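Working notes for the structure below.
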Amino acid sequence: MHRTHTCGELRIAHVGEEVTLSGWVQRRRDFGAMTFIDLRDRYGITQLSFNEELDQKLNTEARSLGREFVIKVKGVVIERSNKNAHIPTGDIEIQVREFEVLNAALTPPFTIEDETDGGEEIRLKYRYLDLRRNPIQDKIILRSKLNKAVRDYLNDADFIDVETPVLIKSTPEGARDFVVPSRMNEGQYYALPQSPQTFKQLLMVSGLDKYYQIVKCFRDEDFRADRQPEFTQIDCEMSFVEREDVLSTFEGMIRSVFKKVKDIALGDIPILTYDEAIRRFGSDKPDMRFGMELIDIDEVTKGNGFGVFDNADSVVAINVAGGNAYTRKQLDELTNWVKRPQIGALGMIYCRVNEDGTYKSSVDKFFNPDQLAKWAETCQSQPNDLILVLSGDKDKVRKQMNELRLFVADQEGLRAKDQFKGCWVVDFPLVEYDEESDKWHAMHHPFTSPIPEDREYMKSDPSRVKANAYDMAINGMEVGGGSIRIHDKELQKQMFDLLGFSEEEAQEQFGFLMNAFEYGAPPHGGIAFGLDRLAAILAGTDSIRDVIAFPKNNMGRDVMIDAPAPLNADQQKELGL
Ligand code: ASP
């Protein structure tokens, strides 16, 4: 028998029992007559003791055990004289009577402890060792719980788990496809799914009614921080539903997941329109854990001879509660921060709201105290607050202000990782105009329906057409998105038309879907959640890499197996490449 207990199991009540444990040597401490070893497995750490007085040979042999050796020990549980309150097994230790080396280990390239000395790249290269560390293991275990909570909820709600193919034809979700050459069909390629979008819609035509799948999706995007070329979605679709049905079903799922995984009851999840989200937060995935909303102050700032404001499309402020405590240096740093190319503001104006009712702004030359009082009134500032102002092009300035709002909130500690606030954003624009290609692009994807009232403008004024689409954001991160779909062939044709697909192109790429729509397609809609992102939020980490067992680095490489890699000549020939 390899073990009677795990390394996380034994307590004071077990004292006197003879036990067998197996695990890895985390650490060895030699004290003359005594040797101590921390034995580790996924469940915890148990201290082993070897006593020269009891068995001199055994104590000497124990000293040959190196870090990460796999051993099996037999011994008796005794009470520790020196207890460790930090670990659950800290009251006891195993007085070892015999042990066996199950496998020796090379010295690991970094310490396998909660705080390791290994950098990211080396840890990715030896990911199997990194995965021995508790903080990493905990996240993978959390992810498994999340998976289970999702499946339980959806299974209970009568969803059917259906696998869709991985070797498919390109789906247009806006990114590039990964492609796979077909040996049997030389010169032809499969694409890996960016999502199972068209298949799940076809399943609705088939009458499967409620579908889900926890599924790998692939997008060949330029590498940005925290993107993975392959990622996991909780992909869902339902028939005979309207937006409200989808929102309530999946709000339920998210609530259930937070309850089961973190024992947290999520508060209300407000529904904002896209326009409202942009107006109030400058973002379509607002972080609603705190206020500090965007305030338009054009009316109280323009026409005073300050060219920066007068010539701007839009002047926007946020009010930082208690922000008057910022030093001049901190304000300069904030100004430099918004001027970085990533943010792109030309500058930042501030106004201090002093305790004694006076104001001190960076534009005192142009604005007298009465005028500054108007700013404060518009921003509902209290004494000791700070008003931060950006100006410029309408859309740009809102985006910049969103960044500044988040940055200041970070500094102010308003974005605690253990607090969660979600929201829905609905009524996105259906299409966006892209100047470069002189084309309209689907903001979500081409299968998203317009809201019925706007359908008549699809030809005459596409920019005003709202989509029957919705996203869920939690803590300022998009965690899911979907839409009520187009289910009639005519409207789908109109949409392809708007997106600049010729009849032939549409037929070639999506003929199968449009044909299916001719055989009785029910009204349907769905959503997909990013499982990695959700897991990262629940685990309180900023990086989805932390919640993926074997992630790629930020160049899209798996540095452990060293992929991607060239093919050898024979393979290339066989594939006709
Ligand atoms: N297929 C969409 C996506 O991956 C989600 C959906 O519309 O259900 O973003």
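All residue names refer to the structure tokens as shown: chains lettered A, B, ... in order, residues numbered from 1 in each chain, ligands numbered from 1 in order.
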Cut-off 6 Å, only C-alpha atoms and all ligand atoms, neighbours of ligand 1 as a PDB file with N, CA and C atoms, in the first residue's frame:
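What landed in out-v3.pdb:
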ATOM      1  N   SER A 195     -15.214  29.693 -32.901  1.00  0.00           N
ATOM      2  CA  SER A 195     -16.281  29.349 -31.957  1.00  0.00           C
ATOM      3  C   SER A 195     -17.193  28.386 -32.705  1.00  0.00           C
ATOM      4  N   GLN A 197     -20.086  28.734 -33.443  1.00  0.00           N
ATOM      5  CA  GLN A 197     -21.274  29.552 -33.724  1.00  0.00           C
ATOM      6  C   GLN A 197     -22.261  28.923 -34.716  1.00  0.00           C
ATOM      7  N   GLY A 481     -20.638  37.066 -24.034  1.00  0.00           N
ATOM      8  CA  GLY A 481     -21.354  37.876 -25.014  1.00  0.00           C
ATOM      9  C   GLY A 481     -22.151  36.993 -25.933  1.00  0.00           C
ATOM     10  N   GLY A 482     -23.248  37.535 -26.411  1.00  0.00           N
ATOM     11  CA  GLY A 482     -24.059  36.759 -27.329  1.00  0.00           C
ATOM     12  C   GLY A 482     -25.129  37.629 -27.943  1.00  0.00           C
ATOM     13  N   SER A 483     -26.097  36.975 -28.575  1.00  0.00           N
ATOM     14  CA  SER A 483     -27.138  37.746 -29.247  1.00  0.00           C
ATOM     15  C   SER A 483     -28.333  36.869 -29.574  1.00  0.00           C
ATOM     16  N   GLY A 526     -28.254  33.003 -28.114  1.00  0.00           N
ATOM     17  CA  GLY A 526     -27.316  32.320 -27.227  1.00  0.00           C
ATOM     18  C   GLY A 526     -26.244  33.250 -26.722  1.00  0.00           C
ATOM     19  N   ILE A 527     -25.259  32.627 -26.175  1.00  0.00           N
ATOM     20  CA  ILE A 527     -24.190  33.391 -25.523  1.00  0.00           C
ATOM     21  C   ILE A 527     -22.982  32.471 -25.359  1.00  0.00           C
ATOM     22  N   ALA A 528     -21.825  33.075 -25.235  1.00  0.00           N
ATOM     23  CA  ALA A 528     -20.637  32.292 -24.878  1.00  0.00           C
ATOM     24  C   ALA A 528     -19.883  33.040 -23.795  1.00  0.00           C
TER      25      ALA A 528
END
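Using only C-alpha atoms, the residues found no farther than 10 Å from Asp471 in chain A, other than those of its own chain fewer than 6 positions away, are Leu247, Ile271, Leu272, Tyr274, Asp284, Lys285, Cys423, Trp424, Val425, Val426, Asp427, Phe428, His444, Glu478, Val479, Gly480, Gly481, Gly482, Ser483, Ile527, Ala528 and Phe529 of chain A.
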- Message: Need to verify the contact set: Met292 in chain A, 12 Å, only C-alpha atoms, exclusion of same-chain residues closer than 4 positions in sequence. Can you return it as a VMD selection string?
- Response: chain A and resid 280 to 282 286 to 288 316 to 323 379 to 381 385 to 388 401 to 402 404 to 409 412 414
- Message: My list of candidates is A:Ser64, A:Arg40, A:Asn336, A:Lys72. Which is closest to Ile87 in chain A when distances are computed with only C-alpha atoms?
- Response: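 With only C-alpha atoms as the atom set, the closest residue is A:Arg40.
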- Item | strand (DSSP E or B) positions in range 69-235 of chain A, given as a PyMOL selection string | chain A and resi 70-79+92-103+160-161+168+179-181+189-191+210-218+230-235
Selected residues written out, C-alpha atoms, as a JSON list (two decimals), in the first residue's frame:
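Listing of again_33.json after writing:
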[["chain", "number", "residue", "atom", "x", "y", "z"],
["A", 70, "VAL", "CA", 9.36, 10.77, -4.18],
["A", 71, "ILE", "CA", 9.30, 8.70, -1.01],
["A", 72, "LYS", "CA", 7.05, 6.41, 0.96],
["A", 73, "VAL", "CA", 7.32, 6.43, 4.74],
["A", 74, "LYS", "CA", 5.91, 4.31, 7.50],
["A", 75, "GLY", "CA", 5.78, 5.70, 11.02],
["A", 76, "VAL", "CA", 3.79, 6.76, 14.02],
["A", 77, "VAL", "CA", 1.86, 10.01, 14.43],
["A", 78, "ILE", "CA", 3.23, 11.93, 17.42],
["A", 79, "GLU", "CA", 2.42, 15.32, 18.89],
["A", 92, "ILE", "CA", 1.65, 16.53, 14.62],
["A", 93, "GLU", "CA", 4.55, 14.89, 12.89],
["A", 94, "ILE", "CA", 5.38, 11.38, 11.74],
["A", 95, "GLN", "CA", 8.13, 9.65, 13.63],
["A", 96, "VAL", "CA", 9.50, 7.62, 10.77],
["A", 97, "ARG", "CA", 10.26, 3.93, 11.29],
["A", 98, "GLU", "CA", 11.07, 3.02, 7.70],
["A", 99, "PHE", "CA", 11.09, 4.68, 4.32],
["A", 100, "GLU", "CA", 11.56, 3.82, 0.69],
["A", 101, "VAL", "CA", 12.71, 6.01, -2.17],
["A", 102, "LEU", "CA", 10.10, 5.57, -4.92],
["A", 103, "ASN", "CA", 12.01, 7.84, -7.24],
["A", 160, "ILE", "CA", -27.76, 19.18, -23.75],
["A", 161, "ASP", "CA", -23.99, 18.90, -24.01],
["A", 168, "ILE", "CA", -14.25, 22.87, -39.90],
["A", 179, "VAL", "CA", -5.68, 26.18, -40.56],
["A", 180, "VAL", "CA", -4.89, 22.51, -40.89],
["A", 181, "PRO", "CA", -3.82, 21.02, -44.23],
["A", 189, "TYR", "CA", -7.47, 23.14, -45.54],
["A", 190, "TYR", "CA", -9.64, 22.83, -42.52],
["A", 191, "ALA", "CA", -9.97, 25.76, -40.18],
["A", 210, "LYS", "CA", -30.96, 24.07, -25.36],
["A", 211, "TYR", "CA", -27.33, 23.34, -26.16],
["A", 212, "TYR", "CA", -24.11, 23.86, -24.29],
["A", 213, "GLN", "CA", -20.52, 22.86, -24.65],
["A", 214, "ILE", "CA", -17.37, 23.68, -22.76],
["A", 215, "VAL", "CA", -15.21, 23.97, -25.79],
["A", 216, "LYS", "CA", -11.80, 24.97, -27.06],
["A", 217, "CYS", "CA", -11.82, 27.82, -29.56],
["A", 218, "PHE", "CA", -8.91, 29.07, -31.64],
["A", 230, "GLU", "CA", -6.54, 28.61, -27.84],
["A", 231, "PHE", "CA", -9.01, 29.32, -25.12],
["A", 232, "THR", "CA", -12.11, 27.79, -23.63],
["A", 233, "GLN", "CA", -15.68, 28.96, -23.95],
["A", 234, "ILE", "CA", -18.86, 27.97, -22.21],
["A", 235, "ASP", "CA", -20.85, 28.02, -25.41]]
- Determine, counting only C-alpha atoms, which protein, DNA and RNA residues have an atom within 8 Å of an atom of range 116-132 of chain A; residues of the same chain fewer than 2 positions away are not included. Present the result as a PyMOL selection string. chain A and resi 42+108-114+134+136-137+549-551+553+558-561
- Out of range 72-200 of chain A, which residues get alpha helix (DSSP H) from DSSP, as a PyMOL selection string? chain A and resi 120-125+127-130+134-156+197-200
- Item | Best match for closeness to His524 in chain A among A:Ser463, A:Asn51, A:Asn368, A:Ser449, counting only C-alpha atoms |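 When distances to His524 in chain A are compared using only C-alpha atoms, the smallest one comes from A:Ser449.
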- Selection: 10 Å around Ser182 in chain A, only C-alpha atoms, excl. self and same-chain fewer than 5 positions, as a VMD selection string: chain A and resid 167 187 to 190 574 to 576
- Message: Would you pick out the contacts of Leu10 in chain A at 10 Å or less, using only C-alpha atoms, so that residues sharing its chain but fewer than 5 positions from it are not included, and give the list as an MDAnalysis selection string?
- Response: chainID A and resid 5 15 17 19 44:46 77 88:94
Could you write out that same residue set with N, CA and C atoms as a tab-separated table (two decimals), in the first residue's frame?
chain	number	residue	atom	x	y	z
A	5	HIS	N	-2.98	7.63	4.38
A	5	HIS	CA	-3.53	8.99	4.48
A	5	HIS	C	-2.82	9.88	3.46
A	15	VAL	N	-2.85	10.88	16.81
A	15	VAL	CA	-1.62	10.56	17.56
A	15	VAL	C	-1.66	9.10	18.03
A	17	GLU	N	-1.31	6.55	16.01
A	17	GLU	CA	-1.61	5.65	14.89
A	17	GLU	C	-0.37	5.38	14.05
A	19	VAL	N	0.96	4.99	10.43
A	19	VAL	CA	0.46	5.43	9.12
A	19	VAL	C	1.52	5.24	8.04
A	44	GLY	N	-1.52	18.70	1.05
A	44	GLY	CA	-0.88	19.47	2.11
A	44	GLY	C	0.53	19.02	2.38
A	45	ILE	N	1.00	19.40	3.56
A	45	ILE	CA	2.37	19.09	3.96
A	45	ILE	C	2.33	18.45	5.33
A	46	THR	N	3.09	17.38	5.49
A	46	THR	CA	3.21	16.76	6.82
A	46	THR	C	4.68	16.67	7.17
A	77	VAL	N	2.24	8.59	14.26
A	77	VAL	CA	1.86	10.01	14.43
A	77	VAL	C	2.15	10.40	15.88
A	88	PRO	N	-2.59	23.03	8.55
A	88	PRO	CA	-3.58	22.22	9.26
A	88	PRO	C	-2.99	21.00	9.96
A	89	THR	N	-1.85	20.50	9.45
A	89	THR	CA	-1.25	19.31	10.08
A	89	THR	C	-0.19	19.73	11.11
A	90	GLY	N	-0.17	21.01	11.44
A	90	GLY	CA	0.95	21.56	12.22
A	90	GLY	C	1.07	21.08	13.66
A	91	ASP	N	0.06	20.35	14.14
A	91	ASP	CA	0.15	19.88	15.54
A	91	ASP	C	0.90	18.56	15.67
A	92	ILE	N	1.08	17.88	14.53
A	92	ILE	CA	1.65	16.53	14.62
A	92	ILE	C	2.85	16.37	13.70
A	93	GLU	N	3.55	15.29	13.88
A	93	GLU	CA	4.55	14.89	12.89
A	93	GLU	C	4.58	13.36	12.85
A	94	ILE	N	5.27	12.83	11.84
A	94	ILE	CA	5.38	11.38	11.74
A	94	ILE	C	6.79	10.99	12.20
I'd like the neighbourhood of Asp332 in chain A as a PDB file with all heavy atoms, in the first residue's frame, where a residue qualifies if any of its atoms comes within 12 Å (using only C-alpha atoms), though same-chain residues fewer than 5 positions away should be ignored.
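What follows is the written file around-v5.pdb:
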ATOM      1  N   TYR A 326      -3.841  64.476  -3.215  1.00  0.00           N
ATOM      2  CA  TYR A 326      -2.777  64.219  -4.193  1.00  0.00           C
ATOM      3  C   TYR A 326      -1.766  65.357  -4.168  1.00  0.00           C
ATOM      4  O   TYR A 326      -2.124  66.525  -4.174  1.00  0.00           O
ATOM      5  CB  TYR A 326      -3.350  64.106  -5.614  1.00  0.00           C
ATOM      6  CG  TYR A 326      -3.982  62.766  -5.917  1.00  0.00           C
ATOM      7  CD1 TYR A 326      -4.862  62.171  -5.028  1.00  0.00           C
ATOM      8  CD2 TYR A 326      -3.708  62.114  -7.116  1.00  0.00           C
ATOM      9  CE1 TYR A 326      -5.455  60.955  -5.313  1.00  0.00           C
ATOM     10  CE2 TYR A 326      -4.293  60.886  -7.415  1.00  0.00           C
ATOM     11  CZ  TYR A 326      -5.164  60.314  -6.506  1.00  0.00           C
ATOM     12  OH  TYR A 326      -5.741  59.114  -6.783  1.00  0.00           O
ATOM     13  N   THR A 327      -0.500  64.984  -4.169  1.00  0.00           N
ATOM     14  CA  THR A 327       0.538  66.013  -4.223  1.00  0.00           C
ATOM     15  C   THR A 327       0.694  66.491  -5.655  1.00  0.00           C
ATOM     16  O   THR A 327       0.217  65.848  -6.598  1.00  0.00           O
ATOM     17  CB  THR A 327       1.897  65.435  -3.776  1.00  0.00           C
ATOM     18  OG1 THR A 327       2.223  64.369  -4.680  1.00  0.00           O
ATOM     19  CG2 THR A 327       1.826  64.905  -2.355  1.00  0.00           C
ATOM     20  N   TRP A 337       1.065  60.010 -17.214  1.00  0.00           N
ATOM     21  CA  TRP A 337       0.449  58.703 -17.480  1.00  0.00           C
ATOM     22  C   TRP A 337      -0.578  58.809 -18.609  1.00  0.00           C
ATOM     23  O   TRP A 337      -0.586  57.980 -19.515  1.00  0.00           O
ATOM     24  CB  TRP A 337      -0.199  58.158 -16.200  1.00  0.00           C
ATOM     25  CG  TRP A 337      -0.658  56.748 -16.334  1.00  0.00           C
ATOM     26  CD1 TRP A 337       0.093  55.625 -16.174  1.00  0.00           C
ATOM     27  CD2 TRP A 337      -1.965  56.299 -16.693  1.00  0.00           C
ATOM     28  NE1 TRP A 337      -0.674  54.501 -16.409  1.00  0.00           N
ATOM     29  CE2 TRP A 337      -1.936  54.896 -16.727  1.00  0.00           C
ATOM     30  CE3 TRP A 337      -3.166  56.956 -16.993  1.00  0.00           C
ATOM     31  CZ2 TRP A 337      -3.058  54.122 -17.042  1.00  0.00           C
ATOM     32  CZ3 TRP A 337      -4.275  56.197 -17.303  1.00  0.00           C
ATOM     33  CH2 TRP A 337      -4.216  54.787 -17.325  1.00  0.00           C
ATOM     34  N   VAL A 338      -1.426  59.840 -18.580  1.00  0.00           N
ATOM     35  CA  VAL A 338      -2.434  59.949 -19.657  1.00  0.00           C
ATOM     36  C   VAL A 338      -1.809  60.349 -20.985  1.00  0.00           C
ATOM     37  O   VAL A 338      -2.394  60.137 -22.047  1.00  0.00           O
ATOM     38  CB  VAL A 338      -3.594  60.932 -19.337  1.00  0.00           C
ATOM     39  CG1 VAL A 338      -4.402  60.466 -18.153  1.00  0.00           C
ATOM     40  CG2 VAL A 338      -3.116  62.357 -19.139  1.00  0.00           C
ATOM     41  N   LYS A 339      -0.593  60.909 -20.915  1.00  0.00           N
ATOM     42  CA  LYS A 339       0.060  61.322 -22.164  1.00  0.00           C
ATOM     43  C   LYS A 339       0.841  60.192 -22.830  1.00  0.00           C
ATOM     44  O   LYS A 339       1.328  60.354 -23.948  1.00  0.00           O
ATOM     45  CB  LYS A 339       1.006  62.504 -21.897  1.00  0.00           C
ATOM     46  CG  LYS A 339       0.229  63.827 -21.749  1.00  0.00           C
ATOM     47  CD  LYS A 339       1.020  64.881 -21.037  1.00  0.00           C
ATOM     48  CE  LYS A 339       1.870  65.735 -21.951  1.00  0.00           C
ATOM     49  NZ  LYS A 339       2.495  66.833 -21.168  1.00  0.00           N
ATOM     50  N   GLY A 347      -3.057  66.102 -22.640  1.00  0.00           N
ATOM     51  CA  GLY A 347      -2.728  66.638 -21.329  1.00  0.00           C
ATOM     52  C   GLY A 347      -3.876  66.394 -20.382  1.00  0.00           C
ATOM     53  O   GLY A 347      -4.868  65.763 -20.762  1.00  0.00           O
ATOM     54  N   MET A 348      -3.703  66.845 -19.152  1.00  0.00           N
ATOM     55  CA  MET A 348      -4.778  66.674 -18.181  1.00  0.00           C
ATOM     56  C   MET A 348      -4.891  67.958 -17.367  1.00  0.00           C
ATOM     57  O   MET A 348      -3.884  68.551 -16.993  1.00  0.00           O
ATOM     58  CB  MET A 348      -4.459  65.494 -17.257  1.00  0.00           C
ATOM     59  CG  MET A 348      -5.553  65.147 -16.285  1.00  0.00           C
ATOM     60  SD  MET A 348      -5.011  63.905 -15.069  1.00  0.00           S
ATOM     61  CE  MET A 348      -4.119  64.943 -13.903  1.00  0.00           C
ATOM     62  N   ILE A 349      -6.111  68.372 -17.148  1.00  0.00           N
ATOM     63  CA  ILE A 349      -6.364  69.562 -16.334  1.00  0.00           C
ATOM     64  C   ILE A 349      -6.919  69.083 -15.002  1.00  0.00           C
ATOM     65  O   ILE A 349      -7.669  68.107 -14.969  1.00  0.00           O
ATOM     66  CB  ILE A 349      -7.421  70.467 -17.016  1.00  0.00           C
ATOM     67  CG1 ILE A 349      -7.030  70.768 -18.462  1.00  0.00           C
ATOM     68  CG2 ILE A 349      -7.688  71.722 -16.198  1.00  0.00           C
ATOM     69  CD1 ILE A 349      -5.837  71.631 -18.652  1.00  0.00           C
ATOM     70  N   TYR A 350      -6.537  69.769 -13.908  1.00  0.00           N
ATOM     71  CA  TYR A 350      -7.144  69.372 -12.636  1.00  0.00           C
ATOM     72  C   TYR A 350      -7.682  70.592 -11.905  1.00  0.00           C
ATOM     73  O   TYR A 350      -7.313  71.725 -12.203  1.00  0.00           O
ATOM     74  CB  TYR A 350      -6.139  68.628 -11.750  1.00  0.00           C
ATOM     75  CG  TYR A 350      -4.976  69.476 -11.284  1.00  0.00           C
ATOM     76  CD1 TYR A 350      -5.109  70.317 -10.169  1.00  0.00           C
ATOM     77  CD2 TYR A 350      -3.757  69.443 -11.960  1.00  0.00           C
ATOM     78  CE1 TYR A 350      -4.049  71.104  -9.748  1.00  0.00           C
ATOM     79  CE2 TYR A 350      -2.706  70.221 -11.533  1.00  0.00           C
ATOM     80  CZ  TYR A 350      -2.845  71.056 -10.437  1.00  0.00           C
ATOM     81  OH  TYR A 350      -1.803  71.843 -10.024  1.00  0.00           O
ATOM     82  N   SER A 362      -5.298  73.912 -12.507  1.00  0.00           N
ATOM     83  CA  SER A 362      -4.116  74.102 -13.347  1.00  0.00           C
ATOM     84  C   SER A 362      -4.405  75.102 -14.460  1.00  0.00           C
ATOM     85  O   SER A 362      -3.549  75.360 -15.286  1.00  0.00           O
ATOM     86  CB  SER A 362      -3.667  72.758 -13.916  1.00  0.00           C
ATOM     87  OG  SER A 362      -4.758  72.100 -14.530  1.00  0.00           O
ATOM     88  N   LEU A 388     -10.629  65.826 -12.251  1.00  0.00           N
ATOM     89  CA  LEU A 388      -9.666  65.600 -13.333  1.00  0.00           C
ATOM     90  C   LEU A 388     -10.392  65.742 -14.659  1.00  0.00           C
ATOM     91  O   LEU A 388     -11.501  65.213 -14.817  1.00  0.00           O
ATOM     92  CB  LEU A 388      -9.057  64.198 -13.219  1.00  0.00           C
ATOM     93  CG  LEU A 388      -8.309  63.899 -11.923  1.00  0.00           C
ATOM     94  CD1 LEU A 388      -7.815  62.450 -11.906  1.00  0.00           C
ATOM     95  CD2 LEU A 388      -7.129  64.856 -11.736  1.00  0.00           C
TER      96      LEU A 388
END
- Query: From the set A:Asn59, A:Lys466, A:Leu65, A:Arg133, which residue has the shortest atom-to-atom contact distance to Tyr43 in chain A, counting only C-alpha atoms?
  - Reply: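 The shortest atom-to-atom distance to Tyr43 in chain A comes from A:Arg133.
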